[in-house]
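S.K.: File coords_12.cif follows (mmCIF, C-alpha atoms and all ligand atoms):
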```
data_query
#
loop_
_atom_site.group_PDB
_atom_site.id
_atom_site.type_symbol
_atom_site.label_atom_id
_atom_site.label_comp_id
_atom_site.auth_asym_id
_atom_site.auth_seq_id
_atom_site.Cartn_x
_atom_site.Cartn_y
_atom_site.Cartn_z
ATOM 1 C CA MET Y 1 10.173 -36.419 -24.317
ATOM 2 C CA THR Y 2 12.702 -38.922 -25.628
ATOM 3 C CA ASP Y 3 9.952 -40.591 -27.644
ATOM 4 C CA TYR Y 4 9.228 -37.321 -29.425
ATOM 5 C CA LEU Y 5 12.883 -36.912 -30.255
ATOM 6 C CA ALA Y 6 13.280 -40.485 -31.510
ATOM 7 C CA LEU Y 7 10.200 -40.181 -33.709
ATOM 8 C CA ALA Y 8 11.241 -36.762 -35.013
ATOM 9 C CA GLU Y 9 14.715 -38.086 -35.824
ATOM 10 C CA ASP Y 10 13.318 -41.124 -37.669
ATOM 11 C CA ILE Y 11 11.013 -38.936 -39.749
ATOM 12 C CA ALA Y 12 13.682 -36.299 -40.491
ATOM 13 C CA ARG Y 13 16.097 -39.027 -41.617
ATOM 14 C CA GLU Y 14 13.484 -40.675 -43.851
ATOM 15 C CA ALA Y 15 12.552 -37.343 -45.451
ATOM 16 C CA GLY Y 16 16.243 -36.572 -45.996
ATOM 17 C CA GLU Y 17 16.839 -39.922 -47.694
ATOM 18 C CA MET Y 18 13.849 -39.363 -49.972
ATOM 19 C CA LEU Y 19 15.078 -35.870 -50.898
ATOM 20 C CA LEU Y 20 18.608 -37.080 -51.657
ATOM 21 C CA ALA Y 21 17.310 -39.976 -53.762
ATOM 22 C CA LYS Y 22 14.802 -37.906 -55.715
ATOM 23 C CA ARG Y 23 16.621 -34.598 -56.149
ATOM 24 C CA PRO Y 24 17.144 -34.119 -59.877
ATOM 25 C CA ASP Y 25 20.348 -32.477 -61.122
ATOM 26 C CA ARG Y 26 18.408 -29.312 -61.739
ATOM 27 C CA PRO Y 27 15.246 -29.121 -59.647
ATOM 28 C CA GLU Y 28 12.540 -26.953 -61.148
ATOM 29 C CA VAL Y 29 10.816 -24.076 -59.431
ATOM 30 C CA LEU Y 30 7.191 -25.076 -59.027
ATOM 31 C CA ALA Y 31 5.865 -21.795 -57.660
ATOM 32 C CA VAL Y 32 6.930 -18.561 -55.995
ATOM 33 C CA LYS Y 33 5.642 -17.367 -52.622
ATOM 34 C CA SER Y 34 6.251 -13.981 -50.945
ATOM 35 C CA SER Y 35 8.385 -12.684 -53.858
ATOM 36 C CA PRO Y 36 9.899 -14.013 -57.116
ATOM 37 C CA THR Y 37 13.012 -15.064 -55.172
ATOM 38 C CA ASP Y 38 10.976 -17.051 -52.595
ATOM 39 C CA VAL Y 39 10.630 -20.376 -54.374
ATOM 40 C CA VAL Y 40 9.132 -23.786 -53.785
ATOM 41 C CA THR Y 41 10.017 -27.035 -55.588
ATOM 42 C CA ALA Y 42 7.917 -30.169 -56.015
ATOM 43 C CA LEU Y 43 10.182 -31.872 -53.480
ATOM 44 C CA ASP Y 44 9.489 -29.264 -50.766
ATOM 45 C CA ARG Y 45 5.852 -30.333 -51.049
ATOM 46 C CA ALA Y 46 6.580 -34.050 -51.379
ATOM 47 C CA ALA Y 47 8.812 -34.004 -48.294
ATOM 48 C CA GLU Y 48 6.204 -32.187 -46.243
ATOM 49 C CA GLU Y 49 3.541 -34.676 -47.361
ATOM 50 C CA LEU Y 50 5.762 -37.577 -46.311
ATOM 51 C CA ILE Y 51 6.463 -35.958 -42.938
ATOM 52 C CA ARG Y 52 2.777 -35.216 -42.329
ATOM 53 C CA ALA Y 53 1.814 -38.794 -43.246
ATOM 54 C CA ARG Y 54 4.368 -40.236 -40.793
ATOM 55 C CA ILE Y 55 3.229 -37.920 -37.979
ATOM 56 C CA ALA Y 56 -0.437 -38.735 -38.619
ATOM 57 C CA ALA Y 57 0.286 -42.475 -38.613
ATOM 58 C CA ALA Y 58 2.314 -42.390 -35.385
ATOM 59 C CA ARG Y 59 0.429 -39.687 -33.496
ATOM 60 C CA PRO Y 60 -3.042 -38.995 -34.857
ATOM 61 C CA GLY Y 61 -4.454 -36.004 -33.039
ATOM 62 C CA ASP Y 62 -1.252 -33.931 -33.007
ATOM 63 C CA ALA Y 63 -1.344 -30.531 -34.691
ATOM 64 C CA VAL Y 64 1.087 -29.690 -37.492
ATOM 65 C CA LEU Y 65 2.421 -26.339 -38.678
ATOM 66 C CA GLY Y 66 4.311 -26.718 -41.940
ATOM 67 C CA GLU Y 67 5.980 -24.214 -44.229
ATOM 68 C CA GLU Y 68 4.199 -25.543 -47.290
ATOM 69 C CA GLY Y 69 0.929 -26.900 -45.884
ATOM 70 C CA GLY Y 70 0.128 -24.375 -43.148
ATOM 71 C CA ASP Y 71 -1.755 -25.182 -39.953
ATOM 72 C CA THR Y 72 -3.517 -28.474 -39.250
ATOM 73 C CA PRO Y 73 -5.194 -28.326 -35.841
ATOM 74 C CA GLY Y 74 -5.104 -31.227 -33.381
ATOM 75 C CA GLY Y 75 -6.494 -31.937 -29.940
ATOM 76 C CA SER Y 76 -3.543 -33.537 -28.138
ATOM 77 C CA GLY Y 77 -1.653 -30.417 -27.001
ATOM 78 C CA VAL Y 78 1.276 -31.488 -29.186
ATOM 79 C CA ARG Y 79 2.237 -29.542 -32.311
ATOM 80 C CA TRP Y 80 4.862 -30.459 -34.890
ATOM 81 C CA ILE Y 81 6.651 -27.579 -36.580
ATOM 82 C CA VAL Y 82 7.920 -28.653 -39.985
ATOM 83 C CA ASP Y 83 10.267 -27.106 -42.514
ATOM 84 C CA PRO Y 84 10.630 -29.834 -45.156
ATOM 85 C CA ILE Y 85 13.550 -28.024 -46.828
ATOM 86 C CA ASP Y 86 15.097 -25.078 -45.027
ATOM 87 C CA GLY Y 87 17.460 -23.560 -47.543
ATOM 88 C CA THR Y 88 15.376 -24.197 -50.645
ATOM 89 C CA VAL Y 89 17.577 -21.911 -52.772
ATOM 90 C CA ASN Y 90 20.632 -23.998 -51.817
ATOM 91 C CA PHE Y 91 18.636 -27.141 -52.686
ATOM 92 C CA LEU Y 92 17.824 -25.634 -56.052
ATOM 93 C CA TYR Y 93 21.472 -24.854 -56.855
ATOM 94 C CA GLY Y 94 23.020 -28.010 -55.382
ATOM 95 C CA LEU Y 95 24.733 -26.163 -52.532
ATOM 96 C CA PRO Y 96 25.226 -28.248 -49.376
ATOM 97 C CA ASP Y 97 23.449 -26.154 -46.728
ATOM 98 C CA TRP Y 98 19.861 -27.293 -46.767
ATOM 99 C CA CYS Y 99 18.093 -29.351 -44.157
ATOM 100 C CA VAL Y 100 14.932 -30.983 -42.914
ATOM 101 C CA SER Y 101 13.865 -29.250 -39.700
ATOM 102 C CA LEU Y 102 11.358 -30.791 -37.264
ATOM 103 C CA ALA Y 103 10.378 -29.496 -33.841
ATOM 104 C CA VAL Y 104 7.868 -30.863 -31.354
ATOM 105 C CA GLU Y 105 6.001 -28.418 -29.170
ATOM 106 C CA VAL Y 106 4.029 -29.511 -26.093
ATOM 107 C CA ASP Y 107 1.609 -26.991 -24.597
ATOM 108 C CA GLY Y 108 3.346 -24.197 -26.492
ATOM 109 C CA GLU Y 109 6.942 -25.097 -25.543
ATOM 110 C CA VAL Y 110 9.401 -26.687 -27.965
ATOM 111 C CA VAL Y 111 10.620 -29.878 -26.261
ATOM 112 C CA ALA Y 112 12.461 -31.672 -29.069
ATOM 113 C CA GLY Y 113 14.216 -30.585 -32.260
ATOM 114 C CA VAL Y 114 15.980 -32.277 -35.146
ATOM 115 C CA VAL Y 115 17.856 -30.568 -37.976
ATOM 116 C CA ASN Y 116 19.045 -32.992 -40.655
ATOM 117 C CA VAL Y 117 21.581 -31.192 -42.862
ATOM 118 C CA VAL Y 118 21.206 -33.842 -45.515
ATOM 119 C CA PRO Y 119 24.074 -33.192 -47.986
ATOM 120 C CA ARG Y 120 26.538 -32.971 -45.110
ATOM 121 C CA GLY Y 121 25.221 -36.124 -43.409
ATOM 122 C CA GLU Y 122 24.834 -34.207 -40.140
ATOM 123 C CA VAL Y 123 21.824 -34.749 -37.879
ATOM 124 C CA PHE Y 124 21.627 -32.274 -34.970
ATOM 125 C CA THR Y 125 19.261 -33.195 -32.127
ATOM 126 C CA ALA Y 126 18.115 -31.768 -28.826
ATOM 127 C CA SER Y 127 15.455 -32.374 -26.225
ATOM 128 C CA ARG Y 128 14.706 -29.732 -23.620
ATOM 129 C CA GLY Y 129 16.880 -30.079 -20.539
ATOM 130 C CA SER Y 130 18.962 -32.926 -21.989
ATOM 131 C CA GLY Y 131 21.482 -31.129 -24.181
ATOM 132 C CA ALA Y 132 22.158 -30.876 -27.906
ATOM 133 C CA TYR Y 133 24.038 -33.525 -29.855
ATOM 134 C CA LEU Y 134 25.705 -34.173 -33.195
ATOM 135 C CA ALA Y 135 26.886 -37.726 -33.932
ATOM 136 C CA GLY Y 136 26.857 -38.613 -30.223
ATOM 137 C CA ARG Y 137 28.914 -35.567 -29.231
ATOM 138 C CA ARG Y 138 27.369 -33.056 -26.834
ATOM 139 C CA LEU Y 139 27.461 -29.556 -28.252
ATOM 140 C CA GLN Y 140 28.581 -26.381 -26.498
ATOM 141 C CA CYS Y 141 28.400 -22.952 -28.103
ATOM 142 C CA ASN Y 142 31.380 -20.602 -27.969
ATOM 143 C CA THR Y 143 31.553 -18.354 -24.907
ATOM 144 C CA GLY Y 144 33.671 -15.367 -23.910
ATOM 145 C CA VAL Y 145 33.918 -14.008 -27.450
ATOM 146 C CA PRO Y 146 34.054 -10.202 -27.562
ATOM 147 C CA LEU Y 147 31.914 -8.580 -30.250
ATOM 148 C CA PRO Y 148 34.823 -7.400 -32.460
ATOM 149 C CA GLN Y 149 36.028 -11.022 -32.633
ATOM 150 C CA ALA Y 150 32.641 -12.599 -33.289
ATOM 151 C CA LEU Y 151 31.967 -14.550 -36.484
ATOM 152 C CA VAL Y 152 28.299 -13.836 -37.131
ATOM 153 C CA ALA Y 153 25.893 -15.704 -39.411
ATOM 154 C CA THR Y 154 22.886 -13.937 -40.847
ATOM 155 C CA GLY Y 155 20.190 -14.363 -43.478
ATOM 156 C CA PHE Y 156 17.893 -12.264 -45.597
ATOM 157 C CA GLY Y 157 14.158 -12.486 -46.169
ATOM 158 C CA TYR Y 158 12.925 -12.589 -49.723
ATOM 159 C CA GLU Y 159 10.922 -9.366 -49.885
ATOM 160 C CA SER Y 160 12.812 -6.417 -51.349
ATOM 161 C CA ASN Y 161 11.634 -3.805 -48.800
ATOM 162 C CA ARG Y 162 12.829 -6.110 -46.014
ATOM 163 C CA ARG Y 163 16.151 -6.565 -47.798
ATOM 164 C CA GLU Y 164 16.755 -2.813 -47.937
ATOM 165 C CA VAL Y 165 16.550 -2.652 -44.146
ATOM 166 C CA GLN Y 166 18.662 -5.802 -43.790
ATOM 167 C CA ALA Y 167 21.341 -4.241 -46.012
ATOM 168 C CA GLU Y 168 21.439 -1.156 -43.762
ATOM 169 C CA VAL Y 169 21.757 -3.328 -40.659
ATOM 170 C CA LEU Y 170 24.482 -5.391 -42.307
ATOM 171 C CA ALA Y 171 26.437 -2.246 -43.221
ATOM 172 C CA HIS Y 172 26.388 -1.301 -39.534
ATOM 173 C CA VAL Y 173 27.274 -4.770 -38.217
ATOM 174 C CA LEU Y 174 30.030 -5.769 -40.664
ATOM 175 C CA PRO Y 175 32.711 -3.249 -39.560
ATOM 176 C CA ARG Y 176 32.098 -4.143 -35.887
ATOM 177 C CA VAL Y 177 32.560 -7.949 -35.968
ATOM 178 C CA ARG Y 178 35.205 -10.408 -37.154
ATOM 179 C CA ASP Y 179 33.193 -11.318 -40.247
ATOM 180 C CA ILE Y 180 29.784 -12.328 -41.574
ATOM 181 C CA ARG Y 181 28.622 -15.678 -42.976
ATOM 182 C CA ARG Y 182 25.452 -16.220 -45.043
ATOM 183 C CA TYR Y 183 24.927 -19.946 -45.459
ATOM 184 C CA GLY Y 184 21.298 -19.827 -46.652
ATOM 185 C CA SER Y 185 19.487 -21.906 -44.015
ATOM 186 C CA ALA Y 186 18.362 -20.374 -40.742
ATOM 187 C CA ALA Y 187 18.013 -23.790 -39.058
ATOM 188 C CA ALA Y 188 21.556 -24.761 -40.095
ATOM 189 C CA ASP Y 189 22.825 -21.337 -38.936
ATOM 190 C CA LEU Y 190 21.396 -21.989 -35.471
ATOM 191 C CA CYS Y 191 23.068 -25.417 -35.411
ATOM 192 C CA ALA Y 192 26.329 -23.723 -36.424
ATOM 193 C CA VAL Y 193 26.013 -21.539 -33.294
ATOM 194 C CA ALA Y 194 25.400 -24.694 -31.222
ATOM 195 C CA ALA Y 195 28.493 -26.385 -32.672
ATOM 196 C CA GLY Y 196 30.746 -23.318 -32.226
ATOM 197 C CA ARG Y 197 31.249 -22.958 -35.993
ATOM 198 C CA VAL Y 198 30.033 -19.391 -35.741
ATOM 199 C CA ASP Y 199 29.671 -17.281 -32.620
ATOM 200 C CA ALA Y 200 26.235 -15.826 -33.294
ATOM 201 C CA TYR Y 201 23.305 -15.615 -35.715
ATOM 202 C CA TYR Y 202 20.794 -12.865 -36.306
ATOM 203 C CA GLU Y 203 18.071 -12.330 -38.875
ATOM 204 C CA ARG Y 204 15.008 -10.158 -39.144
ATOM 205 C CA GLY Y 205 11.651 -11.773 -39.819
ATOM 206 C CA VAL Y 206 12.294 -15.525 -39.957
ATOM 207 C CA ASN Y 207 9.312 -17.826 -39.510
ATOM 208 C CA THR Y 208 8.605 -20.251 -36.663
ATOM 209 C CA TRP Y 209 9.474 -23.257 -38.833
ATOM 210 C CA ASP Y 210 12.905 -21.717 -39.587
ATOM 211 C CA HIS Y 211 13.978 -21.387 -35.955
ATOM 212 C CA ALA Y 212 11.913 -23.807 -33.797
ATOM 213 C CA ALA Y 213 14.197 -26.869 -33.978
ATOM 214 C CA GLY Y 214 17.521 -25.075 -34.498
ATOM 215 C CA GLY Y 215 16.666 -22.633 -31.708
ATOM 216 C CA LEU Y 216 16.217 -25.432 -29.173
ATOM 217 C CA ILE Y 217 19.459 -27.062 -30.358
ATOM 218 C CA ALA Y 218 21.344 -23.780 -29.855
ATOM 219 C CA VAL Y 219 19.751 -23.140 -26.439
ATOM 220 C CA GLU Y 220 20.577 -26.668 -25.296
ATOM 221 C CA ALA Y 221 24.169 -25.962 -26.351
ATOM 222 C CA GLY Y 222 24.249 -22.990 -23.975
ATOM 223 C CA ALA Y 223 23.177 -20.169 -26.284
ATOM 224 C CA ARG Y 224 20.505 -17.575 -25.648
ATOM 225 C CA LEU Y 225 17.730 -17.090 -28.212
ATOM 226 C CA GLY Y 226 15.457 -14.091 -28.407
ATOM 227 C CA GLY Y 227 14.316 -10.953 -30.136
ATOM 228 C CA LEU Y 228 14.824 -7.287 -29.348
ATOM 229 C CA ARG Y 229 13.749 -5.840 -25.987
ATOM 230 C CA GLY Y 230 13.168 -9.247 -24.410
ATOM 231 C CA ARG Y 231 10.646 -10.342 -27.020
ATOM 232 C CA GLU Y 232 10.372 -13.801 -28.450
ATOM 233 C CA PRO Y 233 12.350 -14.442 -31.626
ATOM 234 C CA ASN Y 234 10.447 -13.697 -34.818
ATOM 235 C CA SER Y 235 8.398 -10.662 -33.843
ATOM 236 C CA ASP Y 236 11.243 -8.302 -34.619
ATOM 237 C CA LEU Y 237 14.484 -10.216 -34.817
ATOM 238 C CA THR Y 238 15.857 -13.676 -34.178
ATOM 239 C CA LEU Y 239 19.140 -13.370 -32.319
ATOM 240 C CA CYS Y 240 21.199 -16.261 -30.971
ATOM 241 C CA ALA Y 241 24.571 -16.286 -29.208
ATOM 242 C CA ALA Y 242 26.210 -17.127 -25.897
ATOM 243 C CA PRO Y 243 24.567 -14.935 -23.215
ATOM 244 C CA ASP Y 244 27.440 -12.420 -22.942
ATOM 245 C CA LEU Y 245 27.700 -11.944 -26.712
ATOM 246 C CA PHE Y 246 23.891 -11.876 -27.027
ATOM 247 C CA ASP Y 247 23.751 -8.723 -24.919
ATOM 248 C CA ALA Y 248 26.509 -7.002 -26.884
ATOM 249 C CA LEU Y 249 24.858 -7.843 -30.226
ATOM 250 C CA HIS Y 250 21.423 -6.901 -28.930
ATOM 251 C CA ASP Y 251 22.668 -3.524 -27.783
ATOM 252 C CA MET Y 252 24.368 -2.928 -31.133
ATOM 253 C CA LEU Y 253 21.239 -3.888 -33.080
ATOM 254 C CA LEU Y 254 18.725 -2.073 -30.852
ATOM 255 C CA PRO Y 255 19.331 1.479 -32.120
ATOM 256 C CA LEU Y 256 19.044 0.136 -35.679
ATOM 257 C CA ASP Y 257 15.541 -1.155 -35.062
ATOM 258 C CA PRO Y 258 13.420 1.609 -36.470
ATOM 259 C CA GLU Y 259 10.205 -0.276 -35.611
ATOM 260 C CA ARG Y 260 9.460 0.012 -39.264
ATOM 261 C CA ASP Y 261 7.544 -2.483 -41.259
ATOM 262 C CA ALA Y 262 10.350 -4.499 -42.785
HETATM 263 C C1 LIG A 301 14.942 -19.414 -45.656
HETATM 264 C C2 LIG A 301 16.318 -19.756 -45.169
HETATM 265 C C3 LIG A 301 17.223 -18.550 -45.259
HETATM 266 C C4 LIG A 301 16.688 -17.384 -44.484
HETATM 267 C C5 LIG A 301 15.276 -17.060 -44.961
HETATM 268 C C6 LIG A 301 14.388 -18.278 -44.857
HETATM 269 P P1 LIG A 301 13.518 -21.400 -46.795
HETATM 270 O O1 LIG A 301 14.065 -20.539 -45.515
HETATM 271 O O2 LIG A 301 16.271 -20.211 -43.834
HETATM 272 O O3 LIG A 301 18.501 -18.799 -44.741
HETATM 273 O O4 LIG A 301 17.535 -16.278 -44.667
HETATM 274 O O5 LIG A 301 14.787 -16.020 -44.125
HETATM 275 O O6 LIG A 301 13.093 -17.961 -45.341
HETATM 276 O O7 LIG A 301 12.660 -20.488 -47.578
HETATM 277 O O8 LIG A 301 14.702 -21.855 -47.543
HETATM 278 O O9 LIG A 301 12.768 -22.515 -46.127
#
```
Kindly present the structure from the file in C-alpha cells form.
M.R.:
Amino acid sequence: MTDYLALAEDIAREAGEMLLAKRPDRPEVLAVKSSPTDVVTALDRAAEELIRARIAAARPGDAVLGEEGGDTPGGSGVRWIVDPIDGTVNFLYGLPDWCVSLAVEVDGEVVAGVVNVVPRGEVFTASRGSGAYLAGRRLQCNTGVPLPQALVATGFGYESNRREVQAEVLAHVLPRVRDIRRYGSAAADLCAVAAGRVDAYYERGVNTWDHAAGGLIAVEAGARLGGLRGREPNSDLTLCAAPDLFDALHDMLLPLDPERDA
C-alpha cells in the first residue's frame, strides 16, 4: 500500500511542477464539456497525459479513470482515479485553490490518495488504515461541532438545472450553519475537512475523480463520507464531516432531496 502512495505522490508532484511551470498568465479555454461554464484547458489534457504515461511506465496493466481521458481498462485489479486539475476555473483565473488529485483503488476500494494543492505548496496524503498527513503532520478533522456552529464548504455543478436545485438547498442550509465557503475544488474541500479548516463539505453530483483521493484523506482524518440514506457518495450527494455532524447535516439535507433529476 505504501508503494502505491509513494508512486502517486511522485506523480502528483511532477504533474504539479509541470502545471506551475507551463501555466500561462491567461490560460485559454480549449473546449467546454457539460455546459459553457464547464471548461477544459490544454494543460488539463497535458497533465493527464503525463500522469497516464507515468502510471503506464511504472505499472503497466493497471486501469485508469481520468476526468479528461475516460476509462482505460487494465487486468491487475488496480485502478488509478485521476483528476489532473480539480478546480479548473480557479486555474483559469489564477486563484490558488486548484490541485492534482490521484487515488489508487485496489479491488474496488480506494487505498491511497494524494491531493497536491499546487499554488499553496500543500500535498495531502493518505493510505487506508494509516492516517492522513500534510507536511508530516497527522490530520484530524474537527469533532463535537454543533450544526449551527459549523463552517460548511460546498460546490456547484456546471449544469444550470442542477444549479437551480443547489441554490434552493443552499438557501435552506445557509441560515442554519455558521457560514458557507465555496473554494472551487471538491478535492481541496475534502482536504479542508481533514485539516479542520472547515467542519463539513457537501455537494450534489460530483464525479468519482473529484472525491476519490480527498475522500480517503478526510476519512483517514476521522471524518465520515457518504451520500443520502446510506448510499455511496456521488449517487445523490457527497457529504463529509465528523460522524456526529454528518448525521445532523444528513438529516437537514434529507427532506430537501426531492429525488429529482438534478
Ligand atoms: C469541479 C470542482 C468544483 C465542484 C465541481 C467540480 P473541475 O471540478 O471540484 O469545486 O464544485 O462540481 O466539477 O471541473 O474543476 O475538475
S.K.: Sorted by chain and rising residue number, which residues of chain Y lie within 6 Å of ligand LIG 301 (chain A), and what are their closest atom pairs and distances in Å to one decimal, counting only C-alpha atoms and all ligand atoms, as CSV?
M.R.:
```
residue,atom,partner,partner_atom,distance
Y:Ile85,CA,A:LIG301,O9,5.6
Y:Asp86,CA,A:LIG301,O9,3.6
Y:Gly87,CA,A:LIG301,O8,3.2
Y:Thr88,CA,A:LIG301,O8,3.9
Y:Val89,CA,A:LIG301,O8,6.0
Y:Gly155,CA,A:LIG301,O4,3.5
Y:Phe156,CA,A:LIG301,O4,4.1
Y:Gly157,CA,A:LIG301,O5,4.1
Y:Gly184,CA,A:LIG301,O3,3.5
Y:Ser185,CA,A:LIG301,O3,3.3
Y:Ala186,CA,A:LIG301,O2,3.7
Y:Val206,CA,A:LIG301,O5,4.9
Y:Asp210,CA,A:LIG301,O2,5.6
```
S.K.: Any chance you could export the current selection's C-alpha atoms as a PDB file, in the frame of the given file?
M.R.:
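Output file part35.pdb follows:
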```pdb
ATOM      1  CA  ILE Y  85      13.550 -28.024 -46.828  1.00  0.00           C
ATOM      2  CA  ASP Y  86      15.097 -25.078 -45.027  1.00  0.00           C
ATOM      3  CA  GLY Y  87      17.460 -23.560 -47.543  1.00  0.00           C
ATOM      4  CA  THR Y  88      15.376 -24.197 -50.645  1.00  0.00           C
ATOM      5  CA  VAL Y  89      17.577 -21.911 -52.772  1.00  0.00           C
ATOM      6  CA  GLY Y 155      20.190 -14.363 -43.478  1.00  0.00           C
ATOM      7  CA  PHE Y 156      17.893 -12.264 -45.597  1.00  0.00           C
ATOM      8  CA  GLY Y 157      14.158 -12.486 -46.169  1.00  0.00           C
ATOM      9  CA  GLY Y 184      21.298 -19.827 -46.652  1.00  0.00           C
ATOM     10  CA  SER Y 185      19.487 -21.906 -44.015  1.00  0.00           C
ATOM     11  CA  ALA Y 186      18.362 -20.374 -40.742  1.00  0.00           C
ATOM     12  CA  VAL Y 206      12.294 -15.525 -39.957  1.00  0.00           C
ATOM     13  CA  ASP Y 210      12.905 -21.717 -39.587  1.00  0.00           C
TER      14      ASP Y 210
END
```
S.K.: What's around segment 9-19 of chain Y at 8 Å? Count all atoms listed in the file, leave out sequence neighbours fewer than 3 positions away in its own chain, and write the answer as an mmCIF file with C-alpha atoms, in the frame of the given file.
M.R.:
```cif
data_model
loop_
_atom_site.group_PDB
_atom_site.id
_atom_site.type_symbol
_atom_site.label_atom_id
_atom_site.label_comp_id
_atom_site.auth_asym_id
_atom_site.auth_seq_id
_atom_site.Cartn_x
_atom_site.Cartn_y
_atom_site.Cartn_z
ATOM 1 C CA LEU Y 5 12.883 -36.912 -30.255
ATOM 2 C CA ALA Y 6 13.280 -40.485 -31.510
ATOM 3 C CA LYS Y 22 14.802 -37.906 -55.715
ATOM 4 C CA ARG Y 23 16.621 -34.598 -56.149
ATOM 5 C CA LEU Y 43 10.182 -31.872 -53.480
ATOM 6 C CA ALA Y 47 8.812 -34.004 -48.294
ATOM 7 C CA LEU Y 50 5.762 -37.577 -46.311
ATOM 8 C CA ILE Y 51 6.463 -35.958 -42.938
ATOM 9 C CA ARG Y 54 4.368 -40.236 -40.793
ATOM 10 C CA PRO Y 84 10.630 -29.834 -45.156
ATOM 11 C CA CYS Y 99 18.093 -29.351 -44.157
ATOM 12 C CA VAL Y 100 14.932 -30.983 -42.914
ATOM 13 C CA SER Y 101 13.865 -29.250 -39.700
ATOM 14 C CA LEU Y 102 11.358 -30.791 -37.264
ATOM 15 C CA VAL Y 114 15.980 -32.277 -35.146
ATOM 16 C CA VAL Y 115 17.856 -30.568 -37.976
ATOM 17 C CA ASN Y 116 19.045 -32.992 -40.655
ATOM 18 C CA VAL Y 118 21.206 -33.842 -45.515
ATOM 19 C CA THR Y 125 19.261 -33.195 -32.127
#
```
S.K.: Going by the chain IDs and residue numbers used in this file, which residues fall under the PyMOL selection byres (((chain Y and resi 225-235) around 7) and not hetatm)? Write them as a ChimeraX atom specification.
M.R.: /Y:205-207,215,219,223-224,236-241,250,254
S.K.: I'd like the residues picked by the PyMOL selection byres (((chain Y and resi 173) around 12) and not hetatm) written out as a ChimeraX atom specification, using the chain letters and numbers from the file.
M.R.: /Y:147-148,150-154,166-172,174-181,201-203,248-256
S.K.: Select, from Y:Asp199, Y:Asp71, Y:Asp257, Y:Asp38, the residue with the minimum atom-to-atom distance to Ala242 of chain Y, counting all atoms listed in the file.
M.R.: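 Between Y:Asp199, Y:Asp71, Y:Asp257, Y:Asp38, the residue approaching Ala242 of chain Y most closely is Y:Asp199.
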S.K.: Once the PyMOL selection byres (((chain Y and resi 77) around 7) and not hetatm) is applied to the coordinates I shared, what remains selected? I want it as a PyMOL selection string.
M.R.: chain Y and resi 62+75-76+78-79+106-107
S.K.: Please provide as a PyMOL selection string all residues within 12 Å of Phe124 of chain Y, with the sequence filter that same-chain residues fewer than 4 positions apart are discarded (counting all atoms listed in the file).
M.R.: chain Y and resi 5+8-9+12-13+99-103+112-118+120+131-139+187-195+213-218+220-221
S.K.: Which is closer to Gly196 of chain Y than all the others in Y:Arg162, Y:Pro36, Y:Thr143, Y:Glu68, using all atoms listed in the file?
M.R.: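 Under the stated criterion, the closest residue is Y:Thr143.
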S.K.: Take atom CA of Tyr93 of chain Y and atom CA of Thr208 of chain Y and report the distance between them in Å, one decimal.
M.R.: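 Spanning atom CA of Tyr93 of chain Y to atom CA of Thr208 of chain Y is a straight-line distance of 24.4 Å.
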